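Shown below: coords00.cif, with mmCIF, N, CA and C atoms.
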data_structure
#
loop_
_atom_site.label_atom_id
_atom_site.label_comp_id
_atom_site.auth_asym_id
_atom_site.auth_seq_id
_atom_site.Cartn_x
_atom_site.Cartn_y
_atom_site.Cartn_z
N MET O 219 0.85 -1.19 0.00
CA MET O 219 0.00 0.00 0.00
C MET O 219 0.89 1.24 0.00
N SER O 220 0.64 2.14 -0.90
CA SER O 220 1.39 3.39 -0.95
C SER O 220 0.81 4.36 0.07
N TRP O 221 1.66 4.87 0.89
CA TRP O 221 1.21 5.79 1.93
C TRP O 221 1.17 7.18 1.36
N GLU O 222 0.05 7.87 1.49
CA GLU O 222 -0.16 9.16 0.84
C GLU O 222 0.24 10.36 1.69
N TRP O 223 0.65 10.18 2.92
CA TRP O 223 1.09 11.26 3.81
C TRP O 223 -0.02 12.24 4.16
N GLY O 224 -1.21 12.08 3.66
CA GLY O 224 -2.28 13.02 3.95
C GLY O 224 -1.98 14.42 3.45
N THR O 225 -1.15 14.53 2.42
CA THR O 225 -0.69 15.84 1.97
C THR O 225 -0.78 15.98 0.46
N THR O 226 -1.87 15.60 -0.13
CA THR O 226 -2.02 15.70 -1.57
C THR O 226 -1.79 17.15 -2.00
N GLY O 227 -0.89 17.32 -2.96
CA GLY O 227 -0.59 18.66 -3.44
C GLY O 227 0.34 19.46 -2.53
N GLN O 228 0.90 18.83 -1.52
CA GLN O 228 1.77 19.52 -0.56
C GLN O 228 3.16 18.91 -0.60
N ASP O 229 3.82 19.03 -1.73
CA ASP O 229 5.13 18.40 -1.90
C ASP O 229 6.16 18.88 -0.90
N HIS O 230 6.08 20.15 -0.49
CA HIS O 230 7.04 20.66 0.50
C HIS O 230 6.89 19.93 1.84
N LEU O 231 5.66 19.57 2.22
CA LEU O 231 5.46 18.80 3.46
C LEU O 231 5.99 17.38 3.31
N ARG O 232 5.78 16.79 2.18
CA ARG O 232 6.29 15.44 1.94
C ARG O 232 7.81 15.42 2.07
N ARG O 233 8.49 16.41 1.48
CA ARG O 233 9.95 16.49 1.61
C ARG O 233 10.35 16.69 3.07
N PHE O 234 9.62 17.53 3.78
CA PHE O 234 9.91 17.80 5.18
C PHE O 234 9.80 16.53 6.03
N TRP O 235 8.73 15.75 5.87
CA TRP O 235 8.55 14.54 6.67
C TRP O 235 9.62 13.51 6.31
N ARG O 236 10.02 13.46 5.04
CA ARG O 236 11.11 12.55 4.66
C ARG O 236 12.40 12.94 5.37
N GLN O 237 12.68 14.23 5.45
CA GLN O 237 13.88 14.69 6.15
C GLN O 237 13.81 14.31 7.63
N ALA O 238 12.64 14.44 8.23
CA ALA O 238 12.48 14.07 9.64
C ALA O 238 12.75 12.58 9.80
N ARG O 239 12.28 11.78 8.86
CA ARG O 239 12.49 10.33 8.93
C ARG O 239 13.98 9.99 8.83
N GLN O 240 14.74 10.85 8.18
CA GLN O 240 16.19 10.64 8.04
C GLN O 240 16.96 11.20 9.24
N GLY O 241 16.25 11.71 10.24
CA GLY O 241 16.91 12.16 11.45
C GLY O 241 17.13 13.66 11.56
N ARG O 242 16.70 14.42 10.58
CA ARG O 242 16.83 15.88 10.65
C ARG O 242 15.54 16.44 11.23
N LEU O 243 15.58 16.67 12.54
CA LEU O 243 14.36 16.97 13.28
C LEU O 243 14.63 18.03 14.35
N SER O 244 13.71 18.98 14.47
CA SER O 244 13.73 19.93 15.58
C SER O 244 12.78 19.44 16.65
N HIS O 245 12.80 20.07 17.80
CA HIS O 245 11.92 19.61 18.88
C HIS O 245 10.53 20.22 18.79
N ALA O 246 10.32 21.24 17.94
CA ALA O 246 8.99 21.85 17.83
C ALA O 246 8.81 22.47 16.45
N TYR O 247 7.56 22.40 15.97
CA TYR O 247 7.18 22.99 14.70
C TYR O 247 5.85 23.71 14.88
N LEU O 248 5.70 24.83 14.20
CA LEU O 248 4.45 25.58 14.21
C LEU O 248 3.86 25.53 12.81
N LEU O 249 2.65 24.98 12.70
CA LEU O 249 1.93 24.92 11.43
C LEU O 249 0.80 25.93 11.50
N VAL O 250 0.75 26.82 10.52
CA VAL O 250 -0.23 27.89 10.51
C VAL O 250 -1.09 27.76 9.27
N GLY O 251 -2.39 27.95 9.44
CA GLY O 251 -3.31 27.90 8.31
C GLY O 251 -4.65 28.45 8.72
N PRO O 252 -5.56 28.52 7.78
CA PRO O 252 -6.88 29.08 8.08
C PRO O 252 -7.66 28.17 9.04
N GLU O 253 -8.34 28.79 9.97
CA GLU O 253 -9.13 28.02 10.95
C GLU O 253 -10.37 27.42 10.29
N GLU O 254 -10.99 28.16 9.38
CA GLU O 254 -12.19 27.66 8.72
C GLU O 254 -11.83 26.58 7.73
N GLY O 255 -12.78 25.80 7.34
CA GLY O 255 -12.52 24.73 6.38
C GLY O 255 -11.73 23.61 7.01
N ASN O 256 -10.75 23.10 6.31
CA ASN O 256 -9.97 21.95 6.76
C ASN O 256 -8.66 22.34 7.43
N GLY O 257 -8.46 23.59 7.79
CA GLY O 257 -7.19 24.01 8.36
C GLY O 257 -6.74 23.16 9.53
N THR O 258 -7.60 22.96 10.51
CA THR O 258 -7.24 22.18 11.68
C THR O 258 -7.09 20.71 11.32
N MET O 259 -8.00 20.19 10.52
CA MET O 259 -7.92 18.78 10.13
C MET O 259 -6.65 18.51 9.35
N ALA O 260 -6.29 19.40 8.44
CA ALA O 260 -5.07 19.23 7.66
C ALA O 260 -3.86 19.25 8.59
N GLY O 261 -3.86 20.14 9.57
CA GLY O 261 -2.76 20.20 10.53
C GLY O 261 -2.67 18.94 11.37
N GLU O 262 -3.80 18.41 11.77
CA GLU O 262 -3.80 17.18 12.56
C GLU O 262 -3.31 16.00 11.72
N MET O 263 -3.68 15.97 10.45
CA MET O 263 -3.18 14.91 9.57
C MET O 263 -1.67 15.03 9.40
N ALA O 264 -1.17 16.26 9.30
CA ALA O 264 0.27 16.47 9.16
C ALA O 264 1.01 16.03 10.42
N GLY O 265 0.43 16.30 11.60
CA GLY O 265 1.04 15.86 12.85
C GLY O 265 1.09 14.34 12.96
N ALA O 266 0.01 13.69 12.55
CA ALA O 266 -0.01 12.23 12.56
C ALA O 266 1.01 11.69 11.55
N ALA O 267 1.16 12.37 10.41
CA ALA O 267 2.14 11.94 9.42
C ALA O 267 3.55 12.01 9.99
N LEU O 268 3.84 13.05 10.76
CA LEU O 268 5.17 13.15 11.37
C LEU O 268 5.37 12.02 12.38
N ALA O 269 4.36 11.73 13.19
CA ALA O 269 4.48 10.65 14.16
C ALA O 269 4.72 9.32 13.46
N GLN O 270 4.02 9.08 12.36
CA GLN O 270 4.25 7.85 11.60
C GLN O 270 5.65 7.84 11.00
N ALA O 271 6.08 8.97 10.45
CA ALA O 271 7.40 9.04 9.84
C ALA O 271 8.50 8.74 10.85
N LEU O 272 8.32 9.19 12.08
CA LEU O 272 9.36 9.02 13.09
C LEU O 272 9.35 7.63 13.73
N ASN O 273 8.20 7.00 13.81
CA ASN O 273 8.10 5.77 14.59
C ASN O 273 7.88 4.49 13.79
N CYS O 274 7.56 4.60 12.50
CA CYS O 274 7.35 3.39 11.70
C CYS O 274 8.65 2.62 11.57
N PRO O 275 8.62 1.32 11.84
CA PRO O 275 9.86 0.52 11.76
C PRO O 275 10.26 0.12 10.35
N ALA O 276 9.42 0.39 9.35
CA ALA O 276 9.73 -0.03 7.98
C ALA O 276 10.91 0.78 7.43
N PRO O 277 11.77 0.13 6.66
CA PRO O 277 12.88 0.86 6.04
C PRO O 277 12.38 1.73 4.89
N GLY O 278 13.19 2.67 4.49
CA GLY O 278 12.85 3.49 3.34
C GLY O 278 12.55 4.93 3.71
N GLU O 279 12.20 5.71 2.68
CA GLU O 279 11.96 7.14 2.87
C GLU O 279 10.62 7.45 3.51
N GLU O 280 9.66 6.56 3.34
CA GLU O 280 8.32 6.81 3.85
C GLU O 280 7.88 5.67 4.75
N PRO O 281 7.02 5.97 5.73
CA PRO O 281 6.46 4.89 6.54
C PRO O 281 5.58 3.99 5.68
N CYS O 282 5.38 2.78 6.15
CA CYS O 282 4.65 1.81 5.34
C CYS O 282 3.15 2.09 5.28
N GLY O 283 2.58 2.63 6.33
CA GLY O 283 1.15 2.87 6.36
C GLY O 283 0.34 1.66 6.75
N ASP O 284 0.96 0.47 6.83
CA ASP O 284 0.24 -0.77 7.09
C ASP O 284 0.54 -1.39 8.46
N CYS O 285 1.68 -1.06 9.05
CA CYS O 285 2.07 -1.73 10.29
C CYS O 285 1.21 -1.23 11.46
N SER O 286 1.35 -1.89 12.57
CA SER O 286 0.60 -1.54 13.78
C SER O 286 0.88 -0.10 14.21
N VAL O 287 2.13 0.33 14.12
CA VAL O 287 2.48 1.69 14.51
C VAL O 287 1.74 2.70 13.64
N CYS O 288 1.79 2.53 12.34
CA CYS O 288 1.12 3.45 11.42
C CYS O 288 -0.40 3.46 11.61
N ARG O 289 -0.99 2.28 11.74
CA ARG O 289 -2.45 2.20 11.91
C ARG O 289 -2.90 2.82 13.22
N ARG O 290 -2.19 2.51 14.31
CA ARG O 290 -2.59 3.07 15.61
C ARG O 290 -2.36 4.58 15.67
N THR O 291 -1.32 5.06 15.03
CA THR O 291 -1.08 6.51 15.01
C THR O 291 -2.19 7.20 14.23
N ALA O 292 -2.55 6.68 13.07
CA ALA O 292 -3.62 7.27 12.27
C ALA O 292 -4.94 7.29 13.03
N ALA O 293 -5.15 6.28 13.88
CA ALA O 293 -6.38 6.20 14.67
C ALA O 293 -6.29 7.00 15.97
N GLY O 294 -5.13 7.60 16.24
CA GLY O 294 -4.95 8.35 17.49
C GLY O 294 -4.82 7.46 18.70
N ALA O 295 -4.39 6.22 18.51
CA ALA O 295 -4.34 5.26 19.60
C ALA O 295 -2.93 4.78 19.94
N HIS O 296 -1.90 5.42 19.40
CA HIS O 296 -0.53 5.01 19.71
C HIS O 296 -0.07 5.73 20.97
N PRO O 297 0.56 5.03 21.92
CA PRO O 297 0.94 5.66 23.19
C PRO O 297 2.04 6.72 23.06
N ASP O 298 2.71 6.82 21.93
CA ASP O 298 3.73 7.85 21.73
C ASP O 298 3.24 8.99 20.84
N PHE O 299 1.94 9.05 20.59
CA PHE O 299 1.34 10.14 19.82
C PHE O 299 0.22 10.74 20.66
N HIS O 300 0.39 11.99 21.03
CA HIS O 300 -0.57 12.67 21.90
C HIS O 300 -1.20 13.84 21.17
N VAL O 301 -2.50 13.95 21.27
CA VAL O 301 -3.23 15.07 20.68
C VAL O 301 -3.87 15.85 21.83
N VAL O 302 -3.59 17.15 21.87
CA VAL O 302 -4.15 18.02 22.89
C VAL O 302 -4.96 19.09 22.16
N ARG O 303 -6.26 19.18 22.50
CA ARG O 303 -7.17 20.16 21.89
C ARG O 303 -7.84 20.97 22.98
N PRO O 304 -8.30 22.17 22.63
CA PRO O 304 -9.09 22.92 23.62
C PRO O 304 -10.31 22.11 24.04
N GLU O 305 -10.59 22.13 25.33
CA GLU O 305 -11.76 21.40 25.83
C GLU O 305 -12.97 22.31 25.75
N GLY O 306 -14.09 21.76 25.35
CA GLY O 306 -15.31 22.53 25.25
C GLY O 306 -15.64 22.84 23.81
N THR O 307 -16.54 23.79 23.61
CA THR O 307 -16.98 24.15 22.27
C THR O 307 -16.74 25.62 22.01
N GLY O 308 -16.87 26.00 20.77
CA GLY O 308 -16.72 27.40 20.40
C GLY O 308 -15.31 27.90 20.59
N SER O 309 -15.17 28.93 21.40
CA SER O 309 -13.86 29.56 21.61
C SER O 309 -13.17 29.02 22.86
N ALA O 310 -13.27 27.72 23.09
CA ALA O 310 -12.65 27.11 24.26
C ALA O 310 -11.14 27.31 24.23
N SER O 311 -10.52 27.29 25.41
CA SER O 311 -9.08 27.52 25.55
C SER O 311 -8.37 26.24 25.96
N LEU O 312 -7.08 26.21 25.65
CA LEU O 312 -6.22 25.19 26.23
C LEU O 312 -5.88 25.65 27.64
N LYS O 313 -6.09 24.79 28.61
CA LYS O 313 -5.97 25.19 30.01
C LYS O 313 -4.71 24.62 30.67
N LEU O 314 -4.35 25.25 31.78
CA LEU O 314 -3.17 24.85 32.54
C LEU O 314 -3.23 23.37 32.91
N GLU O 315 -4.39 22.87 33.31
CA GLU O 315 -4.52 21.47 33.70
C GLU O 315 -4.15 20.53 32.55
N GLN O 316 -4.50 20.92 31.33
CA GLN O 316 -4.17 20.09 30.17
C GLN O 316 -2.65 20.06 29.96
N ILE O 317 -2.00 21.20 30.11
CA ILE O 317 -0.55 21.26 29.92
C ILE O 317 0.15 20.48 31.03
N ARG O 318 -0.32 20.61 32.25
CA ARG O 318 0.28 19.84 33.35
C ARG O 318 0.10 18.35 33.15
N GLY O 319 -1.07 17.95 32.69
CA GLY O 319 -1.30 16.53 32.41
C GLY O 319 -0.37 16.02 31.32
N LEU O 320 -0.17 16.83 30.30
CA LEU O 320 0.76 16.47 29.23
C LEU O 320 2.18 16.36 29.76
N GLN O 321 2.60 17.32 30.58
CA GLN O 321 3.95 17.28 31.15
C GLN O 321 4.15 16.01 31.97
N LYS O 322 3.15 15.64 32.75
CA LYS O 322 3.24 14.42 33.55
C LYS O 322 3.35 13.19 32.65
N GLU O 323 2.54 13.15 31.61
CA GLU O 323 2.58 12.03 30.67
C GLU O 323 3.93 11.92 29.98
N LEU O 324 4.50 13.04 29.59
CA LEU O 324 5.78 13.04 28.87
C LEU O 324 6.96 12.72 29.78
N SER O 325 6.80 12.92 31.07
CA SER O 325 7.91 12.66 31.98
C SER O 325 8.28 11.18 32.04
N GLY O 326 7.39 10.31 31.61
CA GLY O 326 7.65 8.87 31.61
C GLY O 326 8.49 8.39 30.45
N GLY O 327 8.80 9.26 29.50
CA GLY O 327 9.61 8.86 28.35
C GLY O 327 8.78 8.15 27.29
N VAL O 328 9.47 7.72 26.24
CA VAL O 328 8.77 7.04 25.15
C VAL O 328 8.29 5.67 25.61
N ARG O 329 7.22 5.22 25.04
CA ARG O 329 6.63 3.92 25.42
C ARG O 329 7.04 2.81 24.47
N GLU O 330 6.86 3.05 23.16
CA GLU O 330 7.12 2.00 22.18
C GLU O 330 8.09 2.42 21.10
N GLY O 331 7.94 3.61 20.59
CA GLY O 331 8.75 4.05 19.46
C GLY O 331 9.96 4.84 19.90
N PRO O 332 10.74 5.26 18.94
CA PRO O 332 11.91 6.07 19.30
C PRO O 332 11.54 7.50 19.66
N PHE O 333 10.35 7.99 19.26
CA PHE O 333 9.96 9.38 19.53
C PHE O 333 8.55 9.47 20.07
N ARG O 334 8.32 10.53 20.84
CA ARG O 334 6.96 10.91 21.23
C ARG O 334 6.63 12.17 20.44
N VAL O 335 5.48 12.19 19.83
CA VAL O 335 5.02 13.34 19.07
C VAL O 335 3.77 13.88 19.74
N VAL O 336 3.79 15.19 20.01
CA VAL O 336 2.66 15.86 20.64
C VAL O 336 2.08 16.84 19.63
N LEU O 337 0.83 16.66 19.30
CA LEU O 337 0.11 17.57 18.42
C LEU O 337 -0.79 18.44 19.29
N MET O 338 -0.58 19.75 19.23
CA MET O 338 -1.40 20.68 20.02
C MET O 338 -2.19 21.58 19.09
N ALA O 339 -3.49 21.37 19.07
CA ALA O 339 -4.37 22.22 18.26
C ALA O 339 -4.82 23.41 19.10
N GLY O 340 -5.01 24.54 18.46
CA GLY O 340 -5.54 25.71 19.16
C GLY O 340 -4.56 26.40 20.08
N VAL O 341 -3.26 26.36 19.76
CA VAL O 341 -2.29 27.01 20.66
C VAL O 341 -2.48 28.52 20.70
N ASP O 342 -3.21 29.07 19.74
CA ASP O 342 -3.51 30.49 19.80
C ASP O 342 -4.56 30.80 20.88
N ARG O 343 -5.10 29.76 21.49
CA ARG O 343 -6.12 29.94 22.53
C ARG O 343 -5.64 29.41 23.89
N LEU O 344 -4.36 29.46 24.15
CA LEU O 344 -3.82 29.07 25.45
C LEU O 344 -4.17 30.14 26.48
N THR O 345 -4.54 29.71 27.68
CA THR O 345 -4.66 30.69 28.76
C THR O 345 -3.25 31.17 29.10
N ASN O 346 -3.14 32.28 29.79
CA ASN O 346 -1.82 32.82 30.15
C ASN O 346 -1.02 31.81 30.96
N GLU O 347 -1.67 31.15 31.92
CA GLU O 347 -0.98 30.17 32.76
C GLU O 347 -0.53 28.96 31.94
N ALA O 348 -1.40 28.52 31.03
CA ALA O 348 -1.04 27.38 30.18
C ALA O 348 0.10 27.74 29.24
N ALA O 349 0.08 28.97 28.72
CA ALA O 349 1.16 29.41 27.82
C ALA O 349 2.50 29.42 28.55
N ALA O 350 2.52 29.89 29.79
CA ALA O 350 3.76 29.90 30.56
C ALA O 350 4.27 28.48 30.81
N ALA O 351 3.37 27.56 31.13
CA ALA O 351 3.77 26.17 31.38
C ALA O 351 4.27 25.51 30.10
N LEU O 352 3.59 25.77 28.98
CA LEU O 352 4.02 25.20 27.71
C LEU O 352 5.37 25.76 27.29
N LEU O 353 5.59 27.05 27.51
CA LEU O 353 6.87 27.66 27.16
C LEU O 353 8.01 26.98 27.91
N LYS O 354 7.80 26.69 29.18
CA LYS O 354 8.83 26.00 29.96
C LYS O 354 9.13 24.62 29.36
N THR O 355 8.09 23.92 28.94
CA THR O 355 8.27 22.60 28.33
C THR O 355 9.00 22.71 26.99
N LEU O 356 8.68 23.73 26.22
CA LEU O 356 9.33 23.90 24.92
C LEU O 356 10.78 24.34 25.07
N GLU O 357 11.08 25.10 26.14
CA GLU O 357 12.45 25.52 26.38
C GLU O 357 13.33 24.36 26.83
N GLU O 358 12.75 23.45 27.58
CA GLU O 358 13.46 22.26 28.07
C GLU O 358 12.64 21.02 27.72
N PRO O 359 12.63 20.66 26.44
CA PRO O 359 11.77 19.55 26.01
C PRO O 359 12.25 18.21 26.56
N PRO O 360 11.30 17.33 26.82
CA PRO O 360 11.68 15.97 27.24
C PRO O 360 12.48 15.31 26.12
N PRO O 361 13.38 14.40 26.46
CA PRO O 361 14.17 13.71 25.43
C PRO O 361 13.27 12.97 24.44
N ALA O 362 13.69 12.94 23.19
CA ALA O 362 13.00 12.20 22.12
C ALA O 362 11.56 12.64 21.95
N SER O 363 11.30 13.94 22.13
CA SER O 363 9.95 14.48 21.95
C SER O 363 9.95 15.51 20.84
N CYS O 364 8.84 15.57 20.13
CA CYS O 364 8.66 16.56 19.08
C CYS O 364 7.25 17.12 19.22
N PHE O 365 7.14 18.44 19.20
CA PHE O 365 5.85 19.13 19.33
C PHE O 365 5.44 19.72 17.99
N VAL O 366 4.19 19.51 17.61
CA VAL O 366 3.61 20.13 16.43
C VAL O 366 2.49 21.02 16.94
N LEU O 367 2.69 22.33 16.80
CA LEU O 367 1.73 23.31 17.31
C LEU O 367 0.91 23.85 16.16
N LEU O 368 -0.41 23.80 16.31
CA LEU O 368 -1.33 24.30 15.29
C LEU O 368 -1.97 25.59 15.77
#

Output the file's structure in the form of structure tokens.
Amino acid sequence: MSWEWGTTGQDHLRRFWRQARQGRLSHAYLLVGPEEGNGTMAGEMAGAALAQALNCPAPGEEPCGDCSVCRRTAAGAHPDFHVVRPEGTGSASLKLEQIRGLQKELSGGVREGPFRVVLMAGVDRLTNEAAAALLKTLEEPPPASCFVLL
């Protein structure tokens, strides 16, 4: 099965994820796009693509898309792939409790793969306290962690 990366027409993202798979990786990335339409969904697909690229055990430039790691990551069920979204509806915010919970989860290290990938949607809606806590985490990231901020 050919893995499509969830990035049809986004060749620059495909090249970027390939580079990450080859070990050229920063600890955090900011993806910016329109909130309306598929902006958030596209960002979440890109975050899952990075998690698959980093943790898939298959050799080659791209993850296989078929193994347990790839399938569980795509389903949001892999223990080394975390998605954090604002709780509630409408203009809900990311709260301090969510960031603290994430920090506690990340303190345990990787579970199965070589990397932990954290996808954070709605970072433009962090409360002041949550922003300060997240900044501390980004300044001193846990080992083998990568953050994708939307």

**Asked** Would you give me, as a list in words, the residues in chain O that DSSP reads as strand (DSSP E)?
**Response**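 Those in chain O that DSSP calls strand (DSSP E) are Ala246, Tyr247, Leu248, Phe299, His300, Val301, Val302, Arg334, Val335, Val336, Leu337, Met338, Ser363, Cys364, Phe365, Val366 and Leu367 of chain O.
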
**Message:** One number please: CA of Met338 in chain O to atom N of Gly278 in chain O, in Å, one decimal.
**Reply:**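 Straight-line distance from CA of Met338 in chain O to atom N of Gly278 in chain O works out to 27.9 Å.
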
**Asked** Which residues, written as a list in words, have at least one atom at most 6 Å from Thr291 in chain O, with only N, CA and C atoms counted and residues fewer than 5 positions away on the same chain left out?
**Response** Ala266, Ser286 and His296 of chain O

File of the preceding selection, N, CA and C atoms, as a compact mmCIF listing (two decimals), in the coordinates of the input:
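Result file result.txt:
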# COMPACT_ATOMS: atom_id res chain seq x y z
N ALA O 266 0.01 13.69 12.55
CA ALA O 266 -0.01 12.23 12.56
C ALA O 266 1.01 11.69 11.55
N SER O 286 1.35 -1.89 12.57
CA SER O 286 0.60 -1.54 13.78
C SER O 286 0.88 -0.10 14.21
N HIS O 296 -1.90 5.42 19.40
CA HIS O 296 -0.53 5.01 19.71
C HIS O 296 -0.07 5.73 20.97

Kindly resolve the PyMOL selection byres (((chain O and resi 279 and name CA) around 12) and name CA) on the present coordinates and return the residues as an mmCIF file with N, CA and C atoms, in the coordinates of the input.
data_model
loop_
_atom_site.group_PDB
_atom_site.id
_atom_site.type_symbol
_atom_site.label_atom_id
_atom_site.label_comp_id
_atom_site.auth_asym_id
_atom_site.auth_seq_id
_atom_site.Cartn_x
_atom_site.Cartn_y
_atom_site.Cartn_z
ATOM 1 N N SER O 220 0.640 2.140 -0.900
ATOM 2 C CA SER O 220 1.390 3.390 -0.950
ATOM 3 C C SER O 220 0.810 4.360 0.070
ATOM 4 N N TRP O 221 1.660 4.870 0.890
ATOM 5 C CA TRP O 221 1.210 5.790 1.930
ATOM 6 C C TRP O 221 1.170 7.180 1.360
ATOM 7 N N TRP O 223 0.650 10.180 2.920
ATOM 8 C CA TRP O 223 1.090 11.260 3.810
ATOM 9 C C TRP O 223 -0.020 12.240 4.160
ATOM 10 N N ARG O 232 5.780 16.790 2.180
ATOM 11 C CA ARG O 232 6.290 15.440 1.940
ATOM 12 C C ARG O 232 7.810 15.420 2.070
ATOM 13 N N ARG O 233 8.490 16.410 1.480
ATOM 14 C CA ARG O 233 9.950 16.490 1.610
ATOM 15 C C ARG O 233 10.350 16.690 3.070
ATOM 16 N N PHE O 234 9.620 17.530 3.780
ATOM 17 C CA PHE O 234 9.910 17.800 5.180
ATOM 18 C C PHE O 234 9.800 16.530 6.030
ATOM 19 N N TRP O 235 8.730 15.750 5.870
ATOM 20 C CA TRP O 235 8.550 14.540 6.670
ATOM 21 C C TRP O 235 9.620 13.510 6.310
ATOM 22 N N ARG O 236 10.020 13.460 5.040
ATOM 23 C CA ARG O 236 11.110 12.550 4.660
ATOM 24 C C ARG O 236 12.400 12.940 5.370
ATOM 25 N N GLN O 237 12.680 14.230 5.450
ATOM 26 C CA GLN O 237 13.880 14.690 6.150
ATOM 27 C C GLN O 237 13.810 14.310 7.630
ATOM 28 N N ALA O 238 12.640 14.440 8.230
ATOM 29 C CA ALA O 238 12.480 14.070 9.640
ATOM 30 C C ALA O 238 12.750 12.580 9.800
ATOM 31 N N ARG O 239 12.280 11.780 8.860
ATOM 32 C CA ARG O 239 12.490 10.330 8.930
ATOM 33 C C ARG O 239 13.980 9.990 8.830
ATOM 34 N N GLN O 240 14.740 10.850 8.180
ATOM 35 C CA GLN O 240 16.190 10.640 8.040
ATOM 36 C C GLN O 240 16.960 11.200 9.240
ATOM 37 N N GLY O 241 16.250 11.710 10.240
ATOM 38 C CA GLY O 241 16.910 12.160 11.450
ATOM 39 C C GLY O 241 17.130 13.660 11.560
ATOM 40 N N GLN O 270 4.020 9.080 12.360
ATOM 41 C CA GLN O 270 4.250 7.850 11.600
ATOM 42 C C GLN O 270 5.650 7.840 11.000
ATOM 43 N N ALA O 271 6.080 8.970 10.450
ATOM 44 C CA ALA O 271 7.400 9.040 9.840
ATOM 45 C C ALA O 271 8.500 8.740 10.850
ATOM 46 N N LEU O 272 8.320 9.190 12.080
ATOM 47 C CA LEU O 272 9.360 9.020 13.090
ATOM 48 C C LEU O 272 9.350 7.630 13.730
ATOM 49 N N CYS O 274 7.560 4.600 12.500
ATOM 50 C CA CYS O 274 7.350 3.390 11.700
ATOM 51 C C CYS O 274 8.650 2.620 11.570
ATOM 52 N N PRO O 275 8.620 1.320 11.840
ATOM 53 C CA PRO O 275 9.860 0.520 11.760
ATOM 54 C C PRO O 275 10.260 0.120 10.350
ATOM 55 N N ALA O 276 9.420 0.390 9.350
ATOM 56 C CA ALA O 276 9.730 -0.030 7.980
ATOM 57 C C ALA O 276 10.910 0.780 7.430
ATOM 58 N N PRO O 277 11.770 0.130 6.660
ATOM 59 C CA PRO O 277 12.880 0.860 6.040
ATOM 60 C C PRO O 277 12.380 1.730 4.890
ATOM 61 N N GLY O 278 13.190 2.670 4.490
ATOM 62 C CA GLY O 278 12.850 3.490 3.340
ATOM 63 C C GLY O 278 12.550 4.930 3.710
ATOM 64 N N GLU O 280 9.660 6.560 3.340
ATOM 65 C CA GLU O 280 8.320 6.810 3.850
ATOM 66 C C GLU O 280 7.880 5.670 4.750
ATOM 67 N N PRO O 281 7.020 5.970 5.730
ATOM 68 C CA PRO O 281 6.460 4.890 6.540
ATOM 69 C C PRO O 281 5.580 3.990 5.680
ATOM 70 N N CYS O 282 5.380 2.780 6.150
ATOM 71 C CA CYS O 282 4.650 1.810 5.340
ATOM 72 C C CYS O 282 3.150 2.090 5.280
#

**Prompt:** How many Å separate CA of Ser363 in chain O from CA of Val336 in chain O?
**Reply:**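 So the answer is 7.5 Å.
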